[in-house]
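File shown: query25.pdb. Contents: PDB, C-alpha atoms (C1' of nucleotides).
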ATOM      1  CA  MET F 228    -169.875 -41.104  69.111
ATOM      2  CA  ASN F 229    -171.961 -40.750  72.216
ATOM      3  CA  ARG F 230    -174.956 -42.812  73.095
ATOM      4  CA  THR F 231    -177.515 -40.201  72.177
ATOM      5  CA  VAL F 232    -176.331 -40.095  68.600
ATOM      6  CA  ILE F 233    -176.438 -43.867  68.327
ATOM      7  CA  GLU F 234    -179.882 -43.986  69.809
ATOM      8  CA  ASP F 235    -181.238 -41.475  67.342
ATOM      9  CA  ALA F 236    -179.509 -43.304  64.561
ATOM     10  CA  LEU F 237    -181.441 -46.503  65.199
ATOM     11  CA  PHE F 238    -185.026 -45.287  65.405
ATOM     12  CA  PRO F 239    -187.408 -47.481  63.423
ATOM     13  CA  ASP F 240    -186.998 -47.268  59.647
ATOM     14  CA  CYS F 241    -184.163 -44.771  59.963
ATOM     15  CA  PRO F 242    -181.608 -44.443  57.166
ATOM     16  CA  ILE F 243    -178.836 -45.916  59.295
ATOM     17  CA  ARG F 244    -180.717 -49.125  59.908
ATOM     18  CA  ASN F 245    -181.507 -49.145  56.245
ATOM     19  CA  ILE F 246    -177.901 -48.683  55.165
ATOM     20  CA  LEU F 247    -176.581 -51.344  57.501
ATOM     21  CA  ALA F 248    -179.353 -53.755  56.568
ATOM     22  CA  ARG F 249    -178.300 -53.651  52.948
ATOM     23  CA  ILE F 250    -174.746 -54.730  53.663
ATOM     24  CA  SER F 251    -175.663 -57.300  56.300
ATOM     25  CA  ASP F 252    -177.439 -59.550  53.854
ATOM     26  CA  LYS F 253    -176.084 -62.931  52.891
ATOM     27  CA  TRP F 254    -173.550 -61.981  50.237
ATOM     28  CA  SER F 255    -172.583 -58.295  50.235
ATOM     29  CA  LEU F 256    -169.586 -58.477  52.539
ATOM     30  CA  MET F 257    -168.332 -61.595  50.826
ATOM     31  CA  VAL F 258    -168.427 -59.814  47.483
ATOM     32  CA  ILE F 259    -166.784 -56.688  48.872
ATOM     33  CA  TYR F 260    -163.976 -58.707  50.428
ATOM     34  CA  THR F 261    -163.432 -60.670  47.265
ATOM     35  CA  LEU F 262    -163.105 -57.448  45.307
ATOM     36  CA  ASP F 263    -160.793 -56.023  47.947
ATOM     37  CA  LYS F 264    -158.518 -59.026  47.614
ATOM     38  CA  SER F 265    -157.596 -58.078  44.077
ATOM     39  CA  GLU F 266    -155.867 -54.866  45.172
ATOM     40  CA  LYS F 267    -157.651 -52.347  42.934
ATOM     41  CA  GLU F 268    -157.436 -54.677  39.949
ATOM     42  CA  PRO F 269    -160.891 -54.842  38.334
ATOM     43  CA  VAL F 270    -162.546 -58.238  38.635
ATOM     44  CA  ARG F 271    -164.841 -59.840  36.112
ATOM     45  CA  PHE F 272    -168.219 -61.351  36.915
ATOM     46  CA  LYS F 273    -167.081 -64.875  36.144
ATOM     47  CA  GLU F 274    -164.026 -64.478  38.321
ATOM     48  CA  LEU F 275    -166.198 -63.443  41.268
ATOM     49  CA  GLN F 276    -168.289 -66.537  40.720
ATOM     50  CA  ARG F 277    -165.187 -68.683  40.740
ATOM     51  CA  GLN F 278    -163.982 -67.170  44.000
ATOM     52  CA  ILE F 279    -167.376 -67.445  45.708
ATOM     53  CA  PRO F 280    -168.384 -70.874  44.452
ATOM     54  CA  ASP F 281    -171.552 -71.244  46.495
ATOM     55  CA  ILE F 282    -173.223 -68.043  45.325
ATOM     56  CA  SER F 283    -175.855 -68.438  42.639
ATOM     57  CA  GLN F 284    -175.624 -66.446  39.443
ATOM     58  CA  LYS F 285    -178.808 -64.624  40.275
ATOM     59  CA  MET F 286    -177.659 -63.606  43.749
ATOM     60  CA  LEU F 287    -174.305 -62.443  42.460
ATOM     61  CA  THR F 288    -176.082 -60.185  39.988
ATOM     62  CA  VAL F 289    -178.552 -58.915  42.560
ATOM     63  CA  THR F 290    -175.841 -58.300  45.150
ATOM     64  CA  LEU F 291    -173.619 -56.454  42.701
ATOM     65  CA  ARG F 292    -176.513 -54.298  41.499
ATOM     66  CA  THR F 293    -177.426 -53.311  45.043
ATOM     67  CA  LEU F 294    -173.816 -52.572  45.901
ATOM     68  CA  GLU F 295    -173.574 -50.449  42.785
ATOM     69  CA  GLU F 296    -176.743 -48.555  43.656
ATOM     70  CA  ASP F 297    -175.339 -47.643  47.048
ATOM     71  CA  GLY F 298    -171.986 -46.661  45.584
ATOM     72  CA  TYR F 299    -169.850 -49.489  46.940
ATOM     73  CA  VAL F 300    -168.749 -50.814  43.559
ATOM     74  CA  THR F 301    -168.373 -49.509  40.053
ATOM     75  CA  ARG F 302    -169.505 -51.521  37.081
ATOM     76  CA  THR F 303    -167.777 -51.164  33.743
ATOM     77  CA  ILE F 304    -169.192 -52.774  30.639
ATOM     78  CA  TYR F 305    -167.003 -53.563  27.628
ATOM     79  CA  HIS F 306    -169.014 -54.230  24.527
ATOM     80  CA  GLU F 307    -167.199 -57.303  23.405
ATOM     81  CA  VAL F 308    -168.278 -60.819  22.604
ATOM     82  CA  PRO F 309    -168.401 -62.647  24.894
ATOM     83  CA  PRO F 310    -169.229 -59.684  27.107
ATOM     84  CA  ARG F 311    -166.785 -58.341  29.656
ATOM     85  CA  VAL F 312    -168.030 -56.588  32.756
ATOM     86  CA  GLU F 313    -165.590 -55.490  35.402
ATOM     87  CA  TYR F 314    -166.171 -54.550  39.001
ATOM     88  CA  THR F 315    -164.036 -52.502  41.365
ATOM     89  CA  LEU F 316    -164.486 -51.154  44.866
ATOM     90  CA  THR F 317    -165.088 -47.464  45.387
ATOM     91  CA  GLU F 318    -163.427 -45.299  48.004
ATOM     92  CA  ARG F 319    -166.630 -45.620  49.984
ATOM     93  CA  SER F 320    -166.244 -49.348  50.510
ATOM     94  CA  ARG F 321    -162.544 -48.954  51.227
ATOM     95  CA  SER F 322    -163.424 -46.567  54.035
ATOM     96  CA  LEU F 323    -166.014 -49.033  55.306
ATOM     97  CA  LEU F 324    -163.721 -52.045  55.407
ATOM     98  CA  PRO F 325    -161.749 -51.184  58.571
ATOM     99  CA  HIS F 326    -164.987 -50.944  60.546
ATOM    100  CA  ILE F 327    -166.111 -54.339  59.316
ATOM    101  CA  ALA F 328    -162.685 -55.748  60.044
ATOM    102  CA  SER F 329    -162.910 -54.563  63.630
ATOM    103  CA  LEU F 330    -166.266 -56.288  63.994
ATOM    104  CA  ILE F 331    -164.914 -59.510  62.537
ATOM    105  CA  GLY F 332    -161.941 -59.233  64.839
ATOM    106  CA  TRP F 333    -164.276 -59.008  67.797
ATOM    107  CA  ALA F 334    -166.242 -62.018  66.553
ATOM    108  CA  LEU F 335    -163.048 -64.041  66.192
ATOM    109  CA  GLU F 336    -161.987 -63.206  69.736
ATOM    110  CA  ASN F 337    -165.383 -64.086  71.158
ATOM    111  CA  ARG F 338    -166.555 -66.917  68.992
ATOM    112  CA  GLU F 339    -165.464 -69.822  71.145
ATOM    113  CA  ALA F 340    -167.038 -68.384  74.271
ATOM    114  CA  ILE F 341    -170.252 -67.583  72.430
ATOM    115  CA  ILE F 342    -170.548 -71.032  70.932
ATOM    116  CA  LYS F 343    -169.938 -72.553  74.339
ATOM    117  CA  ASP F 344    -172.641 -70.373  75.900
ATOM    118  CA  ARG F 345    -175.022 -71.374  73.162
ATOM    119  CA  LYS F 346    -174.387 -75.066  73.817
ATOM    120  CA  ASP F 347    -174.805 -74.653  77.569
ATOM    121  CA  ALA F 348    -178.100 -72.856  77.050
ATOM    122  CA  ASN F 349    -179.464 -75.669  74.899
ATOM    123  CA  ARG F 350    -178.201 -78.466  77.125
ATOM    124  CA  LYS F 351    -180.555 -77.498  79.956
TER     125      LYS F 351
ATOM    126  CA  MET H  85    -156.377 -58.044  61.269
ATOM    127  CA  ASN H  86    -154.997 -58.730  57.834
ATOM    128  CA  ARG H  87    -157.017 -59.654  54.799
ATOM    129  CA  THR H  88    -156.257 -63.346  54.948
ATOM    130  CA  VAL H  89    -157.782 -63.669  58.399
ATOM    131  CA  ILE H  90    -160.888 -61.806  57.292
ATOM    132  CA  GLU H  91    -161.191 -63.954  54.226
ATOM    133  CA  ASP H  92    -160.991 -67.161  56.231
ATOM    134  CA  ALA H  93    -163.464 -65.747  58.697
ATOM    135  CA  LEU H  94    -166.144 -65.372  56.054
ATOM    136  CA  PHE H  95    -166.091 -68.758  54.360
ATOM    137  CA  PRO H  96    -169.590 -70.188  53.888
ATOM    138  CA  ASP H  97    -171.341 -71.235  57.107
ATOM    139  CA  CYS H  98    -168.403 -70.218  59.254
ATOM    140  CA  PRO H  99    -168.986 -69.351  62.908
ATOM    141  CA  ILE H 100    -168.151 -65.698  62.332
ATOM    142  CA  ARG H 101    -170.855 -65.275  59.754
ATOM    143  CA  ASN H 102    -173.142 -67.122  62.091
ATOM    144  CA  ILE H 103    -172.347 -64.889  65.071
ATOM    145  CA  LEU H 104    -172.747 -61.679  63.112
ATOM    146  CA  ALA H 105    -175.952 -62.917  61.489
ATOM    147  CA  ARG H 106    -177.585 -63.331  64.865
ATOM    148  CA  ILE H 107    -176.990 -59.735  65.883
ATOM    149  CA  SER H 108    -177.793 -58.275  62.503
ATOM    150  CA  ASP H 109    -181.413 -59.353  62.617
ATOM    151  CA  LYS H 110    -184.212 -56.856  62.860
ATOM    152  CA  TRP H 111    -184.228 -56.164  66.606
ATOM    153  CA  SER H 112    -181.072 -57.306  68.406
ATOM    154  CA  LEU H 113    -179.060 -54.099  68.195
ATOM    155  CA  MET H 114    -182.088 -52.030  69.108
ATOM    156  CA  VAL H 115    -182.577 -54.091  72.253
ATOM    157  CA  ILE H 116    -178.894 -53.990  73.155
ATOM    158  CA  TYR H 117    -178.786 -50.215  72.788
ATOM    159  CA  THR H 118    -181.922 -49.766  74.824
ATOM    160  CA  LEU H 119    -180.388 -51.812  77.622
ATOM    161  CA  ASP H 120    -177.130 -49.896  77.338
ATOM    162  CA  LYS H 121    -178.999 -46.622  77.775
ATOM    163  CA  SER H 122    -179.952 -47.516  81.330
ATOM    164  CA  GLU H 123    -176.335 -47.467  82.534
ATOM    165  CA  LYS H 124    -176.141 -50.917  84.141
ATOM    166  CA  GLU H 125    -179.551 -50.492  85.733
ATOM    167  CA  PRO H 126    -181.598 -53.633  85.046
ATOM    168  CA  VAL H 127    -184.548 -53.062  82.742
ATOM    169  CA  ARG H 128    -187.879 -54.825  82.906
ATOM    170  CA  PHE H 129    -189.605 -56.458  79.950
ATOM    171  CA  LYS H 130    -192.432 -53.936  79.928
ATOM    172  CA  GLU H 131    -190.009 -51.034  80.010
ATOM    173  CA  LEU H 132    -188.204 -52.404  76.946
ATOM    174  CA  GLN H 133    -191.535 -52.616  75.184
ATOM    175  CA  ARG H 134    -192.273 -49.013  76.059
ATOM    176  CA  GLN H 135    -188.943 -47.830  74.729
ATOM    177  CA  ILE H 136    -189.198 -49.856  71.510
ATOM    178  CA  PRO H 137    -192.848 -49.250  70.709
ATOM    179  CA  ASP H 138    -192.938 -50.933  67.333
ATOM    180  CA  ILE H 139    -191.593 -54.315  68.442
ATOM    181  CA  SER H 140    -194.181 -57.027  68.979
ATOM    182  CA  GLN H 141    -194.304 -58.882  72.267
ATOM    183  CA  LYS H 142    -193.380 -62.104  70.554
ATOM    184  CA  MET H 143    -190.335 -60.635  68.826
ATOM    185  CA  LEU H 144    -189.149 -58.972  72.021
ATOM    186  CA  THR H 145    -189.287 -62.343  73.764
ATOM    187  CA  VAL H 146    -187.589 -64.158  70.906
ATOM    188  CA  THR H 147    -184.882 -61.515  70.574
ATOM    189  CA  LEU H 148    -184.151 -61.488  74.290
ATOM    190  CA  ARG H 149    -183.971 -65.274  74.412
ATOM    191  CA  THR H 150    -181.516 -65.401  71.530
ATOM    192  CA  LEU H 151    -179.397 -62.641  73.070
ATOM    193  CA  GLU H 152    -179.408 -64.562  76.340
ATOM    194  CA  GLU H 153    -178.363 -67.782  74.597
ATOM    195  CA  ASP H 154    -175.363 -66.056  73.063
ATOM    196  CA  GLY H 155    -174.421 -64.392  76.340
ATOM    197  CA  TYR H 156    -175.259 -60.791  75.476
ATOM    198  CA  VAL H 157    -177.853 -60.307  78.203
ATOM    199  CA  THR H 158    -178.689 -61.823  81.560
ATOM    200  CA  ARG H 159    -182.255 -62.578  82.536
ATOM    201  CA  THR H 160    -183.319 -62.470  86.162
ATOM    202  CA  ILE H 161    -186.726 -63.710  87.231
ATOM    203  CA  TYR H 162    -188.366 -62.520  90.452
ATOM    204  CA  HIS H 163    -191.213 -64.746  91.517
ATOM    205  CA  GLU H 164    -193.693 -62.036  92.328
ATOM    206  CA  VAL H 165    -197.187 -61.297  91.135
ATOM    207  CA  PRO H 166    -197.373 -59.730  88.697
ATOM    208  CA  PRO H 167    -194.068 -61.234  87.564
ATOM    209  CA  ARG H 168    -190.886 -59.218  87.386
ATOM    210  CA  VAL H 169    -188.165 -60.134  84.904
ATOM    211  CA  GLU H 170    -185.121 -57.937  84.563
ATOM    212  CA  TYR H 171    -182.558 -57.758  81.809
ATOM    213  CA  THR H 172    -179.010 -56.400  81.849
ATOM    214  CA  LEU H 173    -176.154 -56.347  79.398
ATOM    215  CA  THR H 174    -173.163 -58.595  79.952
ATOM    216  CA  GLU H 175    -169.532 -57.616  79.615
ATOM    217  CA  ARG H 176    -169.603 -59.328  76.247
ATOM    218  CA  SER H 177    -172.080 -56.888  74.782
ATOM    219  CA  ARG H 178    -170.298 -53.971  76.381
ATOM    220  CA  SER H 179    -167.131 -55.020  74.583
ATOM    221  CA  LEU H 180    -169.093 -55.328  71.350
ATOM    222  CA  LEU H 181    -170.712 -51.903  71.517
ATOM    223  CA  PRO H 182    -167.703 -49.774  70.497
ATOM    224  CA  HIS H 183    -167.354 -51.785  67.289
ATOM    225  CA  ILE H 184    -171.019 -51.281  66.463
ATOM    226  CA  ALA H 185    -170.707 -47.618  67.342
ATOM    227  CA  SER H 186    -167.870 -47.221  64.868
ATOM    228  CA  LEU H 187    -170.007 -48.801  62.153
ATOM    229  CA  ILE H 188    -172.924 -46.542  62.962
ATOM    230  CA  GLY H 189    -170.580 -43.577  62.969
ATOM    231  CA  TRP H 190    -169.463 -44.517  59.482
ATOM    232  CA  ALA H 191    -173.069 -44.885  58.345
ATOM    233  CA  LEU H 192    -173.907 -41.438  59.732
ATOM    234  CA  GLU H 193    -170.994 -39.859  57.903
ATOM    235  CA  ASN H 194    -171.906 -41.545  54.627
ATOM    236  CA  ARG H 195    -175.668 -41.709  54.738
ATOM    237  CA  GLU H 196    -176.427 -38.593  52.734
ATOM    238  CA  ALA H 197    -174.060 -39.518  49.947
ATOM    239  CA  ILE H 198    -175.380 -43.077  49.844
ATOM    240  CA  ILE H 199    -179.004 -41.997  49.693
ATOM    241  CA  LYS H 200    -178.155 -39.572  46.934
ATOM    242  CA  ASP H 201    -176.386 -42.297  44.949
ATOM    243  CA  ARG H 202    -179.364 -44.548  45.401
ATOM    244  CA  LYS H 203    -181.723 -41.882  44.047
ATOM    245  CA  ASP H 204    -179.475 -41.179  41.082
ATOM    246  CA  ALA H 205    -179.325 -44.865  40.249
ATOM    247  CA  ASN H 206    -183.097 -45.180  40.229
ATOM    248  CA  ARG H 207    -183.704 -41.976  38.318
ATOM    249  CA  LYS H 208    -182.114 -43.381  35.179
TER     250      LYS H 208
ATOM    251  C1'  DA P  93    -217.792 -60.797  89.632
ATOM    252  C1'  DA P  94    -214.943 -58.426  86.772
ATOM    253  C1'  DT P  95    -210.738 -56.148  85.580
ATOM    254  C1'  DA P  96    -205.949 -55.113  85.474
ATOM    255  C1'  DA P  97    -201.181 -56.109  85.959
ATOM    256  C1'  DA P  98    -196.510 -58.385  83.834
ATOM    257  C1'  DG P  99    -194.462 -61.569  81.117
ATOM    258  C1'  DG P 100    -195.020 -64.487  78.596
ATOM    259  C1'  DT P 101    -196.859 -68.833  74.959
ATOM    260  C1'  DT P 102    -199.316 -70.591  71.002
ATOM    261  C1'  DA P 103    -201.353 -71.020  66.487
ATOM    262  C1'  DC P 104    -201.841 -68.995  62.349
ATOM    263  C1'  DT P 105    -200.651 -65.950  58.482
ATOM    264  C1'  DT P 106    -197.809 -62.995  55.789
ATOM    265  C1'  DT P 107    -193.483 -61.371  53.790
ATOM    266  C1'  DG P 108    -189.407 -61.576  51.568
ATOM    267  C1'  DC P 109    -184.811 -63.543  50.870
ATOM    268  C1'  DG P 110    -182.555 -66.657  48.469
ATOM    269  C1'  DG P 111    -182.229 -70.991  45.453
ATOM    270  C1'  DT P 112    -183.097 -73.541  40.939
ATOM    271  C1'  DA P 113    -183.509 -74.062  36.281
ATOM    272  C1'  DA P 114    -184.361 -72.560  31.877
ATOM    273  C1'  DC P 115    -183.648 -69.133  28.526
ATOM    274  C1'  DT P 116    -181.184 -65.200  26.076
ATOM    275  C1'  DA P 117    -177.485 -62.489  23.162
ATOM    276  C1'  DA P 118    -173.583 -62.418  19.929
ATOM    277  C1'  DT P 119    -169.442 -64.338  18.440
ATOM    278  C1'  DT P 120    -165.563 -67.750  18.000
ATOM    279  C1'  DG P 121    -163.623 -72.258  17.388
ATOM    280  C1'  DA P 122    -164.045 -77.352  16.250
TER     281       DA P 122
ATOM    282  C1'  DT G 214    -173.588 -77.228  12.271
ATOM    283  C1'  DC G 215    -172.708 -77.544  16.932
ATOM    284  C1'  DA G 216    -170.795 -76.274  21.229
ATOM    285  C1'  DA G 217    -168.676 -72.983  24.196
ATOM    286  C1'  DT G 218    -168.172 -68.558  26.097
ATOM    287  C1'  DT G 219    -169.799 -64.398  29.318
ATOM    288  C1'  DA G 220    -173.067 -61.974  31.694
ATOM    289  C1'  DG G 221    -176.898 -61.822  32.488
ATOM    290  C1'  DT G 222    -182.798 -62.258  32.919
ATOM    291  C1'  DT G 223    -187.037 -64.593  34.072
ATOM    292  C1'  DA G 224    -190.419 -67.455  36.317
ATOM    293  C1'  DC G 225    -191.205 -70.262  39.856
ATOM    294  C1'  DC G 226    -190.634 -72.343  44.503
ATOM    295  C1'  DG G 227    -189.481 -73.026  49.503
ATOM    296  C1'  DC G 228    -188.235 -71.765  53.934
ATOM    297  C1'  DA G 229    -187.479 -68.947  57.737
ATOM    298  C1'  DA G 230    -188.228 -64.522  59.837
ATOM    299  C1'  DA G 231    -191.499 -61.673  61.453
ATOM    300  C1'  DG G 232    -196.361 -59.952  62.439
ATOM    301  C1'  DT G 233    -201.172 -60.696  64.569
ATOM    302  C1'  DA G 234    -204.297 -62.095  67.790
ATOM    303  C1'  DA G 235    -205.874 -64.922  71.312
ATOM    304  C1'  DC G 236    -204.876 -67.145  75.437
ATOM    305  C1'  DC G 237    -202.548 -68.142  80.148
ATOM    306  C1'  DT G 238    -201.029 -67.432  85.179
ATOM    307  C1'  DT G 239    -201.618 -65.429  89.896
ATOM    308  C1'  DT G 240    -202.856 -61.860  92.840
ATOM    309  C1'  DA G 241    -204.827 -57.267  94.135
ATOM    310  C1'  DT G 242    -208.283 -53.947  93.361
ATOM    311  C1'  DT G 243    -213.023 -52.106  92.347
TER     312       DT G 243
END

Translate the structure of the given file into structure tokens.
Amino acid sequence: MNRTVIEDALFPDCPIRNILARISDKWSLMVIYTLDKSEKEPVRFKELQRQIPDISQKMLTVTLRTLEEDGYVTRTIYHEVPPRVEYTLTERSRSLLPHIASLIGWALENREAIIKDRKDANRK
Amino acid sequence: MNRTVIEDALFPDCPIRNILARISDKWSLMVIYTLDKSEKEPVRFKELQRQIPDISQKMLTVTLRTLEEDGYVTRTIYHEVPPRVEYTLTERSRSLLPHIASLIGWALENREAIIKDRKDANRK
DNA sequence: AATAAAGGTTACTTTGCGGTAACTAATTGA
DNA sequence: TCAATTAGTTACCGCAAAGTAACCTTTATT
């Protein structure tokens, strides 16, 4: 990755910006990580809700649908009553996860310094 | 980085989420990459505007101020007329850039497949 | 006397993300 | 007969992010 490639990749309304925007919303990464936790075991909708207690039902649905559209999760419907719908991560999200992890790692290393800087800036 | 750390790092309203949210807004990465392009040469406000033509003056100001608050850029004022204000990246953003680059690299590798999936999903 | 220059600020408006609450389906158990 | 269960959908609302346009400052130039 050289700088020229990156530069081109971020021009206004480019697909890269678009792709990253869709996973940097409020809930996508949280959902992906929750699914990842289960080690390839499919997870039901209700179980996701239990593990992410502060997400609303609507946003869980919307987030899962968007993730499915972009090929990050698969959705399997079982026609039972009450309904059973199971979600699993695709290979695509598994290949994404290390990159996210490296970002989070960076944030963990730098968070104290950043929060301090932020305070100093607002003190003046 | 194991999964437990990542999990903890994403709990609701945690500082990590907060830090990442502030650089995943509409303009921050674009500004950081534009500054990076100049190879440690300070860049003036007007020059940033020229290189990011679709950003509004207000949003360029707001973005730069936020980046300064969090220690990603330094802002140097020269009391001349007309005014001169120069921006440079800090070591902090230079240490962040490789992680972003790896994400963008991933997006480049996967973009065609993702866009295809998205089309297929909407065709049905 | 008017204009341009750089780097903003301000007020106002628009957009869209996300939250809330109510409603649905079909079946089982009390 | 009623409630509970799962996995949603729908309509409505609020807030914050972002866009637009006008205005400001001081000095040099025409």

Quiz item: Can you tell me, as a PyMOL selection string, what residues are no more than 12 Å from Leu187 (chain H) when counting only C-alpha atoms (C1' of nucleotides), ignoring any on the same chain fewer than 3 positions away?
Solution: (chain F and resi 228+233+236+243-244+246-248+250-251+322-331) or (chain H and resi 180-184+190-195)

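Interface residues of chain H facing chain P, defined by any atom at most 7 Å away and using only C-alpha atoms (C1' of nucleotides), are Pro166, Pro167 and Arg168 of chain H.
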
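Atom pair CA of Thr315 (chain F) / CA of Arg271 (chain F): separated by 9.1 Å.
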
Take the PyMOL selection byres ((chain H) within 12 of (chain G)), apply it to the structure above, and return the hits as a PDB file with C-alpha atoms, in the frame of the given file.
ATOM      1  CA  ARG H 106    -177.585 -63.331  64.865  1.00  0.00           C
ATOM      2  CA  ASP H 109    -181.413 -59.353  62.617  1.00  0.00           C
ATOM      3  CA  LYS H 110    -184.212 -56.856  62.860  1.00  0.00           C
ATOM      4  CA  TRP H 111    -184.228 -56.164  66.606  1.00  0.00           C
ATOM      5  CA  ASP H 138    -192.938 -50.933  67.333  1.00  0.00           C
ATOM      6  CA  ILE H 139    -191.593 -54.315  68.442  1.00  0.00           C
ATOM      7  CA  SER H 140    -194.181 -57.027  68.979  1.00  0.00           C
ATOM      8  CA  GLN H 141    -194.304 -58.882  72.267  1.00  0.00           C
ATOM      9  CA  LYS H 142    -193.380 -62.104  70.554  1.00  0.00           C
ATOM     10  CA  MET H 143    -190.335 -60.635  68.826  1.00  0.00           C
ATOM     11  CA  LEU H 144    -189.149 -58.972  72.021  1.00  0.00           C
ATOM     12  CA  VAL H 146    -187.589 -64.158  70.906  1.00  0.00           C
ATOM     13  CA  THR H 147    -184.882 -61.515  70.574  1.00  0.00           C
ATOM     14  CA  HIS H 163    -191.213 -64.746  91.517  1.00  0.00           C
ATOM     15  CA  GLU H 164    -193.693 -62.036  92.328  1.00  0.00           C
ATOM     16  CA  VAL H 165    -197.187 -61.297  91.135  1.00  0.00           C
ATOM     17  CA  PRO H 166    -197.373 -59.730  88.697  1.00  0.00           C
ATOM     18  CA  PRO H 167    -194.068 -61.234  87.564  1.00  0.00           C
TER      19      PRO H 167
END

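CA of Ile279 (chain F) to CA of Met257 (chain F) spans 7.8 Å [interatomic distance, one decimal].
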
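The spacing separating CA of Ile199 (chain H) from CA of Ser255 (chain F) amounts to 17.5 Å.
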
Report the centre and edge lengths, in Å to one decimal, of an axis-aligned box enclosing every atom of region 103-114 of chain P listed in the file, padded by 6 Å on each side, as AutoDock Vina command-line options.
--center_x -192.0 --center_y -67.7 --center_z 49.2 --size_x 31.6 --size_y 24.7 --size_z 46.6

Self-check item: Of the listed residues H:Val115, H:Leu132, H:Lys121, H:Thr158, that which approaches chain F most closely, counting all atoms listed in the file
Solution: H:Lys121

Exercise. Please provide the set of residues having any atom within 10 Å of Asp263 (chain F), restricted to all atoms listed in the file, with same-chain residues fewer than 4 positions apart removed, written as a list in words.
Key: Met257, Val258, Ile259, Lys267, Glu268, Pro269, Val270, Thr315, Leu316, Thr317, Ser320, Arg321 and Leu324 of chain F; Arg87 of chain H

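Comparing the minimum interatomic distances between chain H and each of F:Glu318, F:Asp297, F:Glu274, F:Glu313, counting only C-alpha atoms, we find that F:Asp297 sits nearest.
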
Self-check item: Exercise: region 343-346 of chain F partners within 10 Å, only C-alpha atoms (C1' of nucleotides), chain neighbours under 4 positions left out, as a PyMOL selection string
Solution: (chain F and resi 338-339+350-351) or (chain H and resi 150-156)

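Shortest atom-to-atom contact with chain F among H:Arg134, H:Tyr117, H:Tyr171, H:Arg159: H:Tyr117, counting all atoms listed in the file.
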
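Nearest to chain H of all the residues F:Pro242, F:Ser265, F:Tyr305, F:Thr288 is F:Pro242, counting all atoms listed in the file.
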
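You can rank H:Phe129, H:Thr160, H:Val169, H:Gly189 by their closest distance to chain F using all atoms listed in the file, and at the top of that list sits H:Gly189.
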
Please complete region 323-335 of chain F with N, CA and C atoms and give it back as a PDB file, in the frame of the given file.
ATOM      1  N   LEU F 323    -165.168 -48.194  54.453  1.00  0.00           N
ATOM      2  CA  LEU F 323    -166.014 -49.033  55.306  1.00  0.00           C
ATOM      3  C   LEU F 323    -165.257 -50.231  55.878  1.00  0.00           C
ATOM      4  N   LEU F 324    -164.364 -50.780  55.063  1.00  0.00           N
ATOM      5  CA  LEU F 324    -163.721 -52.045  55.407  1.00  0.00           C
ATOM      6  C   LEU F 324    -163.079 -52.113  56.799  1.00  0.00           C
ATOM      7  N   PRO F 325    -162.356 -51.085  57.235  1.00  0.00           N
ATOM      8  CA  PRO F 325    -161.749 -51.184  58.571  1.00  0.00           C
ATOM      9  C   PRO F 325    -162.785 -51.392  59.685  1.00  0.00           C
ATOM     10  N   HIS F 326    -163.954 -50.786  59.514  1.00  0.00           N
ATOM     11  CA  HIS F 326    -164.987 -50.944  60.546  1.00  0.00           C
ATOM     12  C   HIS F 326    -165.504 -52.377  60.582  1.00  0.00           C
ATOM     13  N   ILE F 327    -165.691 -52.939  59.403  1.00  0.00           N
ATOM     14  CA  ILE F 327    -166.111 -54.339  59.316  1.00  0.00           C
ATOM     15  C   ILE F 327    -165.032 -55.237  59.888  1.00  0.00           C
ATOM     16  N   ALA F 328    -163.794 -54.931  59.554  1.00  0.00           N
ATOM     17  CA  ALA F 328    -162.685 -55.748  60.044  1.00  0.00           C
ATOM     18  C   ALA F 328    -162.653 -55.749  61.567  1.00  0.00           C
ATOM     19  N   SER F 329    -162.954 -54.607  62.165  1.00  0.00           N
ATOM     20  CA  SER F 329    -162.910 -54.563  63.630  1.00  0.00           C
ATOM     21  C   SER F 329    -164.025 -55.421  64.227  1.00  0.00           C
ATOM     22  N   LEU F 330    -165.161 -55.424  63.553  1.00  0.00           N
ATOM     23  CA  LEU F 330    -166.266 -56.288  63.994  1.00  0.00           C
ATOM     24  C   LEU F 330    -165.891 -57.763  63.882  1.00  0.00           C
ATOM     25  N   ILE F 331    -165.307 -58.121  62.743  1.00  0.00           N
ATOM     26  CA  ILE F 331    -164.914 -59.510  62.537  1.00  0.00           C
ATOM     27  C   ILE F 331    -163.847 -59.901  63.549  1.00  0.00           C
ATOM     28  N   GLY F 332    -162.957 -58.974  63.823  1.00  0.00           N
ATOM     29  CA  GLY F 332    -161.941 -59.233  64.839  1.00  0.00           C
ATOM     30  C   GLY F 332    -162.571 -59.549  66.186  1.00  0.00           C
ATOM     31  N   TRP F 333    -163.567 -58.760  66.541  1.00  0.00           N
ATOM     32  CA  TRP F 333    -164.276 -59.008  67.797  1.00  0.00           C
ATOM     33  C   TRP F 333    -164.929 -60.397  67.776  1.00  0.00           C
ATOM     34  N   ALA F 334    -165.569 -60.727  66.664  1.00  0.00           N
ATOM     35  CA  ALA F 334    -166.242 -62.018  66.553  1.00  0.00           C
ATOM     36  C   ALA F 334    -165.251 -63.170  66.684  1.00  0.00           C
ATOM     37  N   LEU F 335    -164.071 -62.998  66.085  1.00  0.00           N
ATOM     38  CA  LEU F 335    -163.048 -64.041  66.192  1.00  0.00           C
ATOM     39  C   LEU F 335    -162.611 -64.231  67.636  1.00  0.00           C
TER      40      LEU F 335
END
